[in-house]
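Text of the file protein17.cif, holding mmCIF, C-alpha atoms (C1' of nucleotides):
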data_start
loop_
_atom_site.label_atom_id
_atom_site.label_comp_id
_atom_site.auth_asym_id
_atom_site.auth_seq_id
_atom_site.Cartn_x
_atom_site.Cartn_y
_atom_site.Cartn_z
CA MET A 1 -1.19 -16.66 16.71
CA LEU A 2 -0.75 -14.02 14.09
CA GLN A 3 2.25 -11.77 14.10
CA TYR A 4 1.69 -8.03 13.68
CA GLN A 5 3.27 -6.90 10.42
CA PRO A 6 4.18 -3.22 10.56
CA LEU A 7 5.31 -3.04 6.93
CA ASP A 8 1.92 -4.17 5.64
CA VAL A 9 0.01 -1.32 7.23
CA ALA A 10 2.73 1.26 6.63
CA PHE A 11 2.96 0.56 2.88
CA GLN A 12 -0.82 0.34 2.67
CA ALA A 13 -1.18 3.68 4.46
CA LEU A 14 1.22 5.38 2.05
CA SER A 15 -0.50 3.99 -1.04
CA ASP A 16 -3.24 6.62 -0.79
CA PRO A 17 -2.42 10.03 -2.31
CA GLY A 18 -4.47 11.88 0.28
CA ARG A 19 -2.66 10.17 3.13
CA ARG A 20 0.70 10.81 1.46
CA ALA A 21 -0.23 14.48 1.17
CA MET A 22 -0.86 14.52 4.92
CA VAL A 23 2.49 12.90 5.61
CA GLU A 24 4.16 15.39 3.28
CA ARG A 25 2.57 18.25 5.20
CA LEU A 26 3.52 16.74 8.55
CA SER A 27 7.12 16.17 7.49
CA GLN A 28 7.42 19.96 7.56
CA GLY A 29 6.03 20.24 11.08
CA PRO A 30 2.96 19.51 13.25
CA ALA A 31 -0.54 20.48 12.14
CA SER A 32 -4.12 20.32 13.37
CA VAL A 33 -6.73 18.07 11.75
CA SER A 34 -8.37 21.06 10.07
CA GLU A 35 -5.08 22.28 8.70
CA LEU A 36 -4.45 18.85 7.22
CA ALA A 37 -7.95 18.77 5.76
CA ARG A 38 -7.96 22.25 4.20
CA PRO A 39 -6.11 21.43 0.94
CA LEU A 40 -7.82 18.08 0.47
CA PRO A 41 -10.96 17.56 -1.65
CA MET A 42 -12.88 15.54 0.95
CA THR A 43 -14.93 15.96 4.10
CA LEU A 44 -13.33 16.40 7.49
CA SER A 45 -14.81 13.05 8.39
CA ALA A 46 -12.83 11.33 5.68
CA VAL A 47 -9.65 13.06 6.80
CA VAL A 48 -10.16 11.83 10.36
CA GLN A 49 -10.50 8.30 9.03
CA HIS A 50 -7.30 8.62 7.02
CA LEU A 51 -5.60 9.93 10.12
CA GLN A 52 -6.66 6.83 12.02
CA VAL A 53 -5.05 4.69 9.33
CA LEU A 54 -1.83 6.68 9.58
CA GLU A 55 -1.81 6.43 13.37
CA ALA A 56 -2.50 2.69 13.26
CA ALA A 57 0.45 2.36 10.89
CA GLY A 58 2.65 4.22 13.35
CA LEU A 59 3.36 6.95 10.81
CA VAL A 60 1.66 9.73 12.75
CA LYS A 61 1.02 10.50 16.39
CA SER A 62 -1.37 13.07 17.80
CA GLN A 63 -2.57 14.64 21.01
CA LYS A 64 -5.61 16.67 21.80
CA VAL A 65 -5.43 19.92 23.74
CA GLY A 66 -8.75 21.66 24.24
CA ARG A 67 -10.72 21.04 21.09
CA VAL A 68 -7.70 20.92 18.78
CA ARG A 69 -5.89 17.72 17.89
CA THR A 70 -2.31 18.32 16.85
CA CYS A 71 -0.69 15.70 14.65
CA SER A 72 2.98 15.06 13.98
CA LEU A 73 5.12 12.62 12.04
CA GLU A 74 6.49 9.47 13.68
CA ILE A 75 9.81 8.79 12.03
CA GLY A 76 10.00 5.21 13.32
CA ALA A 77 7.66 3.67 10.76
CA ILE A 78 9.37 5.60 7.97
CA ALA A 79 12.67 4.21 9.20
CA ARG A 80 11.35 0.64 9.03
CA ILE A 81 10.35 1.13 5.41
CA GLU A 82 13.73 2.71 4.68
CA GLY A 83 15.34 -0.36 6.20
CA TRP A 84 13.39 -2.82 4.09
CA ILE A 85 14.12 -0.88 0.91
CA ALA A 86 17.79 -0.56 1.78
CA GLU A 87 18.04 -4.32 2.25
CA ARG A 88 16.50 -4.97 -1.19
CA ARG A 89 18.85 -2.49 -2.76
CA ARG A 90 21.81 -4.04 -1.03
CA PHE A 91 21.03 -7.47 -2.53
CA TRP A 92 20.29 -5.95 -5.91
CA ASP A 93 23.53 -3.94 -6.00
CA GLN A 94 25.49 -7.00 -4.95
CA GLN A 95 23.93 -9.01 -7.77
CA TYR A 96 24.75 -6.20 -10.19
CA ASP A 97 28.35 -6.08 -8.98
CA GLN A 98 28.69 -9.82 -9.50
CA LEU A 99 27.43 -9.44 -13.06
CA GLU A 100 29.96 -6.72 -13.70
CA ALA A 101 32.77 -8.82 -12.26
CA TYR A 102 31.69 -11.77 -14.40
CA LEU A 103 31.66 -9.68 -17.55
CA ALA A 104 35.05 -8.21 -16.70
CA GLU A 105 36.46 -11.69 -16.26
CA THR A 106 35.00 -13.47 -19.28
CA ALA A 107 35.66 -10.66 -21.73
CA PRO A 108 38.65 -8.67 -20.52
CA GLN A 109 39.92 -8.20 -24.10
CA GLU A 110 38.58 -4.71 -24.76
CA PRO A 111 35.38 -2.68 -24.63
CA ASP A 112 33.53 -3.10 -27.94
CA ARG A 113 35.14 -0.39 -29.97
CA MET B 114 -7.03 14.52 -17.35
CA LEU B 115 -5.76 12.25 -14.63
CA GLN B 116 -2.05 11.89 -14.03
CA TYR B 117 -0.63 8.42 -13.57
CA GLN B 118 0.70 8.15 -10.02
CA PRO B 119 3.51 5.60 -9.80
CA LEU B 120 3.85 5.87 -6.03
CA ASP B 121 0.23 4.85 -5.44
CA VAL B 122 0.58 1.52 -7.18
CA ALA B 123 4.12 0.88 -5.94
CA PHE B 124 3.23 1.36 -2.27
CA GLN B 125 0.01 -0.59 -2.78
CA ALA B 126 1.93 -3.44 -4.40
CA LEU B 127 4.39 -3.63 -1.51
CA SER B 128 1.64 -3.63 1.14
CA ASP B 129 0.98 -7.32 0.54
CA PRO B 130 3.28 -9.76 2.37
CA GLY B 131 3.16 -12.28 -0.45
CA ARG B 132 4.17 -9.70 -3.01
CA ARG B 133 6.92 -8.42 -0.72
CA ALA B 134 8.17 -11.99 -0.40
CA MET B 135 8.39 -12.18 -4.19
CA VAL B 136 10.30 -8.91 -4.34
CA GLU B 137 12.62 -10.16 -1.60
CA ARG B 138 13.29 -13.28 -3.60
CA LEU B 139 13.85 -11.33 -6.81
CA SER B 140 16.21 -8.89 -5.13
CA GLN B 141 18.61 -11.84 -4.93
CA GLY B 142 18.29 -12.62 -8.63
CA PRO B 143 15.81 -13.64 -11.36
CA ALA B 144 13.33 -16.48 -10.87
CA SER B 145 10.59 -18.30 -12.75
CA VAL B 146 6.93 -18.01 -11.81
CA SER B 147 6.98 -21.50 -10.28
CA GLU B 148 10.06 -20.72 -8.22
CA LEU B 149 8.36 -17.62 -6.86
CA ALA B 150 5.23 -19.60 -6.10
CA ARG B 151 6.89 -22.57 -4.37
CA PRO B 152 7.32 -21.05 -0.87
CA LEU B 153 3.96 -19.27 -0.91
CA PRO B 154 0.77 -20.75 0.56
CA MET B 155 -1.45 -20.01 -2.43
CA THR B 156 -2.28 -21.31 -5.86
CA LEU B 157 -0.14 -20.58 -8.89
CA SER B 158 -3.06 -18.60 -10.25
CA ALA B 159 -2.91 -16.23 -7.30
CA VAL B 160 0.84 -15.82 -7.72
CA VAL B 161 0.39 -14.87 -11.36
CA GLN B 162 -2.13 -12.24 -10.32
CA HIS B 163 0.26 -10.80 -7.74
CA LEU B 164 2.94 -10.74 -10.40
CA GLN B 165 0.66 -8.71 -12.64
CA VAL B 166 0.26 -6.18 -9.83
CA LEU B 167 4.04 -6.00 -9.38
CA GLU B 168 4.61 -5.54 -13.10
CA ALA B 169 1.91 -2.87 -13.35
CA ALA B 170 3.68 -1.08 -10.49
CA GLY B 171 6.95 -1.24 -12.40
CA LEU B 172 8.60 -3.22 -9.61
CA VAL B 173 9.16 -6.36 -11.66
CA LYS B 174 9.75 -7.15 -15.31
CA SER B 175 9.53 -10.53 -17.00
CA GLN B 176 10.05 -12.30 -20.29
CA LYS B 177 8.90 -15.64 -21.51
CA VAL B 178 11.26 -18.09 -23.18
CA GLY B 179 9.69 -21.35 -24.23
CA ARG B 180 7.15 -22.14 -21.52
CA VAL B 181 9.07 -20.50 -18.70
CA ARG B 182 8.55 -16.89 -17.67
CA THR B 183 11.58 -15.44 -15.94
CA CYS B 184 10.99 -12.49 -13.62
CA SER B 185 13.45 -9.94 -12.31
CA LEU B 186 13.44 -6.83 -10.17
CA GLU B 187 13.07 -3.37 -11.68
CA ILE B 188 15.08 -1.04 -9.49
CA GLY B 189 13.46 2.08 -10.93
CA ALA B 190 10.23 1.90 -8.96
CA ILE B 191 12.16 1.10 -5.80
CA ALA B 192 14.27 4.17 -6.44
CA ARG B 193 11.18 6.37 -6.75
CA ILE B 194 9.98 5.20 -3.35
CA GLU B 195 13.43 5.75 -1.91
CA GLY B 196 13.31 9.28 -3.27
CA TRP B 197 9.95 10.10 -1.71
CA ILE B 198 11.02 8.71 1.64
CA ALA B 199 14.34 10.55 1.51
CA GLU B 200 12.53 13.82 0.89
CA ARG B 201 10.27 13.30 3.93
CA ARG B 202 13.26 12.49 6.05
CA ARG B 203 15.11 15.54 4.82
CA PHE B 204 12.28 17.83 5.93
CA TRP B 205 11.89 15.97 9.20
CA ASP B 206 15.60 16.11 10.02
CA GLN B 207 15.69 19.79 9.19
CA GLN B 208 12.77 20.43 11.53
CA TYR B 209 14.51 18.43 14.24
CA ASP B 210 17.73 20.41 13.76
CA GLN B 211 15.78 23.66 14.12
CA LEU B 212 14.27 22.41 17.38
CA GLU B 213 17.72 21.55 18.69
CA ALA B 214 19.05 24.95 17.69
CA TYR B 215 16.11 26.63 19.40
CA LEU B 216 16.63 24.69 22.61
CA ALA B 217 20.34 25.43 22.56
CA GLU B 218 19.61 29.13 22.20
CA THR B 219 16.81 29.59 24.74
CA ALA B 220 18.43 27.51 27.47
CA PRO B 221 22.19 27.67 27.01
CA GLN B 222 22.76 27.76 30.80
CA GLU B 223 23.50 24.11 31.51
CA PRO B 224 22.07 20.61 31.03
CA ASP B 225 19.39 19.87 33.66
CA ARG B 226 21.18 18.88 36.90
"C1'" DT C 227 -25.93 31.41 28.10
"C1'" DA C 228 -25.98 30.90 23.11
"C1'" DA C 229 -23.53 30.16 19.03
"C1'" DA C 230 -19.52 28.83 16.68
"C1'" DC C 231 -15.68 25.54 16.47
"C1'" DA C 232 -13.02 21.45 16.10
"C1'" DC C 233 -13.53 17.38 15.84
"C1'" DT C 234 -15.91 12.40 16.58
"C1'" DT C 235 -18.84 8.42 15.69
"C1'" DA C 236 -21.95 5.59 13.25
"C1'" DA C 237 -24.34 4.01 9.13
"C1'" DG C 238 -24.55 3.04 4.62
"C1'" DT C 239 -22.92 2.79 -0.32
"C1'" DC C 240 -20.05 1.32 -4.00
"C1'" DA C 241 -15.73 -0.08 -6.02
"C1'" DA C 242 -11.46 -2.54 -5.57
"C1'" DT C 243 -8.78 -6.74 -3.65
"C1'" DG C 244 -7.33 -11.37 -2.74
"C1'" DC C 245 -8.31 -15.37 -3.26
"C1'" DT C 246 -10.14 -20.21 -5.38
"C1'" DA C 247 -11.74 -23.45 -8.84
"C1'" DC C 248 -11.78 -24.67 -13.32
"C1'" DA C 249 -10.81 -24.67 -18.01
"C1'" DG C 250 -7.65 -23.61 -21.30
"C1'" DT C 251 -2.87 -22.95 -24.34
"C1'" DA C 252 1.63 -23.52 -25.65
"C1'" DT C 253 6.10 -25.98 -24.93
"C1'" DC C 254 9.10 -30.04 -24.09
"C1'" DA C 255 10.45 -34.96 -23.21
"C1'" DG C 256 10.05 -39.73 -24.50
"C1'" DC D 257 1.76 -38.73 -30.70
"C1'" DT D 258 1.01 -38.56 -25.64
"C1'" DG D 259 1.62 -36.92 -21.40
"C1'" DA D 260 3.67 -33.85 -18.25
"C1'" DT D 261 5.06 -28.92 -17.54
"C1'" DA D 262 4.54 -24.19 -16.97
"C1'" DC D 263 1.87 -21.11 -17.09
"C1'" DT D 264 -2.77 -18.14 -18.57
"C1'" DG D 265 -7.52 -16.47 -18.31
"C1'" DT D 266 -12.03 -16.10 -16.45
"C1'" DA D 267 -15.80 -16.59 -13.07
"C1'" DG D 268 -17.33 -16.09 -8.70
"C1'" DC D 269 -17.21 -14.72 -3.93
"C1'" DA D 270 -16.07 -12.84 0.59
"C1'" DT D 271 -13.60 -8.90 2.51
"C1'" DT D 272 -11.71 -4.54 2.77
"C1'" DG D 273 -11.38 0.43 1.51
"C1'" DA D 274 -12.72 5.13 0.61
"C1'" DC D 275 -15.79 7.81 0.88
"C1'" DT D 276 -20.60 10.46 2.28
"C1'" DT D 277 -24.37 12.07 5.21
"C1'" DA D 278 -26.10 12.88 9.55
"C1'" DA D 279 -26.08 13.22 14.32
"C1'" DG D 280 -23.39 13.85 18.18
"C1'" DT D 281 -19.60 15.71 22.12
"C1'" DG D 282 -16.67 18.70 24.38
"C1'" DT D 283 -14.42 23.85 24.11
"C1'" DT D 284 -14.23 28.57 23.28
"C1'" DT D 285 -15.95 33.02 22.16
"C1'" DA D 286 -19.23 36.85 22.25
#

Would you give me this structure, written as C-alpha cells?
Amino acid sequence: MLQYQPLDVAFQALSDPGRRAMVERLSQGPASVSELARPLPMTLSAVVQHLQVLEAAGLVKSQKVGRVRTCSLEIGAIARIEGWIAERRRFWDQQYDQLEAYLAETAPQEPDR
Amino acid sequence: MLQYQPLDVAFQALSDPGRRAMVERLSQGPASVSELARPLPMTLSAVVQHLQVLEAAGLVKSQKVGRVRTCSLEIGAIARIEGWIAERRRFWDQQYDQLEAYLAETAPQEPDR
DNA sequence: TAAACACTTAAGTCAATGCTACAGTATCAG
DNA sequence: CTGATACTGTAGCATTGACTTAAGTGTTTA
C-alpha cells in the first residue's frame, strides 16, 4: 500500500529547465499550449508531455475550450515545496543559533582583536 | 558553451525520498555516512552514491577525518531554490491582486446576495 | 466543404538513474 | 599483527526520462 508522495513528483517536475520555463511563464498568467511552446527549442509534442508531468505534479492545471487548452499555475504544490524548505531552514537556523550561543558562552572574553 | 544550472541538479537531488531523508537528517546537524545510512532501506554503497548527488548539487558538504566522513548541510543551494520559488510566488500573488482589484472595480455594487 | 489550427496519441530511440553485489583501501582497537 | 570498521569504486542491470516522427481528432476560418 504505497503512499502518494507529492514532493517527489513536484521536485522532479521542476528539475527540468524546460518545465521550469513553463512554470515561470505561467507564474505571470495563464497561457495556451502553443504560447508555452513558442520560446522552447522542442516539438509541440514534447511540450504536451512536459505539461502532463506538471499537471501530474499538481503544479499546473488546464482546461480546454474549443481547440485551445489554457494552462495556469496551481499554487498548492508550490506551497508544499515552500513548506518543506521552510522546515529545513528552521532546523538549520536553530542549529546555527545554538552554535552562536555556545561560542558566546565559552569565549565571552572578547572578539579576537 | 553550456551554462551550469544549479537549480536543475538541486531540484533533481531533492526529488528522491531517500536523499530528502538525508537532507532532513542533516538539517538537524552533521552526521557520518553510516548514521545517514542506518534508517534507510538500502546498502551503504547506494547511500554513498546519493551523497555524491547531494554534494554535486551543492546541498551537502563533507570532510573525512580518520575513517569517518562527516556530512553537513550547505544552506546555499537551499537558498537558491527558496529564491526561485519566492520569485514565482511574487508574480503569482501580484496577478492574484490584480484579479481582485479588477473584480472590485467591475462589480462594486455588493457581494452576491 | 476544404484547409488550416491547436492540440493529442502512440511508437520508438537513446541516455540517465537507482539500485545491488563484490572487491577493494585506509583507519583504529586489542 | 589481526580483525573489525567505515567507507570507496566499479560492474552490471532493470527502469525511467526526454525527446522525435508520424498519424490522428476535434474546431474554426475562408

Long-range neighbours of range 34-39 of chain A as an mmCIF file with C-alpha atoms (C1' of nucleotides), keeping the file's coordinate frame, 10 Å cut-off, only C-alpha atoms (C1' of nucleotides), 2 positions minimum in chain:
data_model
loop_
_atom_site.group_PDB
_atom_site.id
_atom_site.type_symbol
_atom_site.label_atom_id
_atom_site.label_comp_id
_atom_site.auth_asym_id
_atom_site.auth_seq_id
_atom_site.Cartn_x
_atom_site.Cartn_y
_atom_site.Cartn_z
ATOM 1 C CA GLY A 18 -4.470 11.880 0.280
ATOM 2 C CA ARG A 19 -2.660 10.170 3.130
ATOM 3 C CA ALA A 21 -0.230 14.480 1.170
ATOM 4 C CA MET A 22 -0.860 14.520 4.920
ATOM 5 C CA VAL A 23 2.490 12.900 5.610
ATOM 6 C CA ARG A 25 2.570 18.250 5.200
ATOM 7 C CA LEU A 26 3.520 16.740 8.550
ATOM 8 C CA PRO A 30 2.960 19.510 13.250
ATOM 9 C CA ALA A 31 -0.540 20.480 12.140
ATOM 10 C CA SER A 32 -4.120 20.320 13.370
ATOM 11 C CA PRO A 41 -10.960 17.560 -1.650
ATOM 12 C CA MET A 42 -12.880 15.540 0.950
ATOM 13 C CA THR A 43 -14.930 15.960 4.100
ATOM 14 C CA LEU A 44 -13.330 16.400 7.490
ATOM 15 C CA SER A 45 -14.810 13.050 8.390
ATOM 16 C CA ALA A 46 -12.830 11.330 5.680
ATOM 17 C CA VAL A 47 -9.650 13.060 6.800
ATOM 18 C CA VAL A 48 -10.160 11.830 10.360
ATOM 19 C CA LEU A 51 -5.600 9.930 10.120
ATOM 20 C CA VAL A 68 -7.700 20.920 18.780
ATOM 21 C CA ARG A 69 -5.890 17.720 17.890
ATOM 22 C CA THR A 70 -2.310 18.320 16.850
ATOM 23 C CA CYS A 71 -0.690 15.700 14.650
ATOM 24 C "C1'" DA C 232 -13.020 21.450 16.100
ATOM 25 C "C1'" DC C 233 -13.530 17.380 15.840
#

Contacts from chain D to chain A, 10 Å maximum, all atoms listed in the file: show me the residue list as a CSV table (one decimal) with C-alpha atoms (C1' of nucleotides), in the frame of the given file.
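Below is the file that was written, out21.csv:
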chain,number,residue,atom,x,y,z
D,274,DA,C1',-12.7,5.1,0.6
D,275,DC,C1',-15.8,7.8,0.9
D,276,DT,C1',-20.6,10.5,2.3
D,282,DG,C1',-16.7,18.7,24.4
D,283,DT,C1',-14.4,23.8,24.1
D,284,DT,C1',-14.2,28.6,23.3

Residues matched by the PyMOL selection byres ((chain C) within 10 of (chain B)) as number ranges by chain: C: 244-246, 252-254

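CA of Ala79 in chain A lies 12.1 Å from CA of Phe11 in chain A.
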
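Residue-level contact on chain A: within 8 Å of chain B, counting all atoms listed in the file, the set is A:Leu7, A:Asp8, A:Val9, A:Ala10, A:Phe11, A:Gln12, A:Leu14, A:Ser15, A:Asp16, A:Pro17, A:Val23, A:Glu24, A:Ser27, A:Gln28, A:Gly29, A:Ile75, A:Ile78, A:Glu82, A:Ile85, A:Arg88, A:Arg89, A:Phe91, A:Trp92, A:Gln95.
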
Spatial neighbours of DT235 in chain C, 10 Å, all atoms listed in the file, chain gap at least 5 places, as a list in words: Ser45 of chain A; DA279, DG280 and DT281 of chain D

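In this structure, CA of Val53 in chain A sits 17.8 Å away from C1' of DA242 in chain C.
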
Among the residues D:DA278, D:DC263, D:DC257, D:DA270, the one that comes closest to Val146 in chain B [using all atoms listed in the file]: D:DC263

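Between CA of Ala57 in chain A and C1' of DT272 in chain D lies a distance of 16.2 Å.
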
Report, as lines of an AutoDock Vina configuration file, the centre and edge lengths in Å (one decimal) of the axis-aligned box enclosing every listed atom of range 151-163 of chain B, padded by 8 Å on each side.
center_x = 2.1
center_y = -16.7
center_z = -5.4
size_x = 26.4
size_y = 27.8
size_z = 27.9

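Residues matched by the PyMOL selection byres ((chain C and resi 228) around 12) in this file are C:DT227, C:DA229, C:DA230, D:DT284, D:DT285, D:DA286.
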
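The smallest atom-to-atom distance between DT234 in chain C and any of A:Asp97, A:Leu59, A:Thr106, A:Gln52, using all atoms listed in the file, is found for A:Gln52.
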
How would range 204-221 of chain B read, as a short mmCIF file (atom, residue, chain, number, x, y, z; two decimals), keeping the file's coordinate frame, once N, CA, C and O atoms are built in?
data_model
loop_
_atom_site.label_atom_id
_atom_site.label_comp_id
_atom_site.auth_asym_id
_atom_site.auth_seq_id
_atom_site.Cartn_x
_atom_site.Cartn_y
_atom_site.Cartn_z
N PHE B 204 13.07 16.80 5.25
CA PHE B 204 12.28 17.83 5.93
C PHE B 204 12.24 17.57 7.43
O PHE B 204 12.37 18.48 8.23
N TRP B 205 12.04 16.30 7.79
CA TRP B 205 11.89 15.97 9.20
C TRP B 205 13.18 16.27 9.95
O TRP B 205 13.15 16.86 11.03
N ASP B 206 14.32 15.88 9.37
CA ASP B 206 15.60 16.11 10.02
C ASP B 206 15.86 17.60 10.21
O ASP B 206 16.33 18.05 11.25
N GLN B 207 15.50 18.34 9.18
CA GLN B 207 15.69 19.79 9.19
C GLN B 207 14.89 20.42 10.34
O GLN B 207 15.40 21.24 11.10
N GLN B 208 13.65 19.96 10.46
CA GLN B 208 12.77 20.43 11.53
C GLN B 208 13.36 20.08 12.89
O GLN B 208 13.34 20.89 13.83
N TYR B 209 13.93 18.91 13.00
CA TYR B 209 14.51 18.43 14.24
C TYR B 209 15.75 19.28 14.59
O TYR B 209 15.94 19.67 15.73
N ASP B 210 16.54 19.58 13.56
CA ASP B 210 17.73 20.41 13.76
C ASP B 210 17.33 21.79 14.27
O ASP B 210 17.96 22.35 15.16
N GLN B 211 16.25 22.34 13.69
CA GLN B 211 15.78 23.66 14.12
C GLN B 211 15.36 23.64 15.58
O GLN B 211 15.62 24.57 16.33
N LEU B 212 14.69 22.55 15.99
CA LEU B 212 14.27 22.41 17.38
C LEU B 212 15.49 22.39 18.30
O LEU B 212 15.53 23.09 19.32
N GLU B 213 16.49 21.63 17.89
CA GLU B 213 17.72 21.55 18.69
C GLU B 213 18.38 22.92 18.82
O GLU B 213 18.79 23.33 19.90
N ALA B 214 18.44 23.63 17.69
CA ALA B 214 19.05 24.95 17.69
C ALA B 214 18.28 25.88 18.62
O ALA B 214 18.87 26.65 19.40
N TYR B 215 16.96 25.80 18.56
CA TYR B 215 16.11 26.63 19.40
C TYR B 215 16.36 26.35 20.88
O TYR B 215 16.52 27.26 21.69
N LEU B 216 16.40 25.08 21.21
CA LEU B 216 16.63 24.69 22.61
C LEU B 216 18.01 25.16 23.07
O LEU B 216 18.18 25.65 24.19
N ALA B 217 18.98 25.03 22.20
CA ALA B 217 20.34 25.43 22.56
C ALA B 217 20.42 26.94 22.79
O ALA B 217 21.19 27.41 23.62
N GLU B 218 19.56 27.67 22.08
CA GLU B 218 19.61 29.13 22.20
C GLU B 218 18.83 29.66 23.40
O GLU B 218 19.27 30.58 24.08
N THR B 219 17.65 29.08 23.65
CA THR B 219 16.81 29.59 24.74
C THR B 219 17.27 29.12 26.12
O THR B 219 16.98 29.75 27.11
N ALA B 220 17.98 28.01 26.17
CA ALA B 220 18.43 27.51 27.47
C ALA B 220 19.90 27.08 27.39
O ALA B 220 20.23 25.91 27.50
N PRO B 221 20.78 28.03 27.18
CA PRO B 221 22.19 27.67 27.01
C PRO B 221 22.93 27.58 28.35
O PRO B 221 24.13 27.37 28.37
#
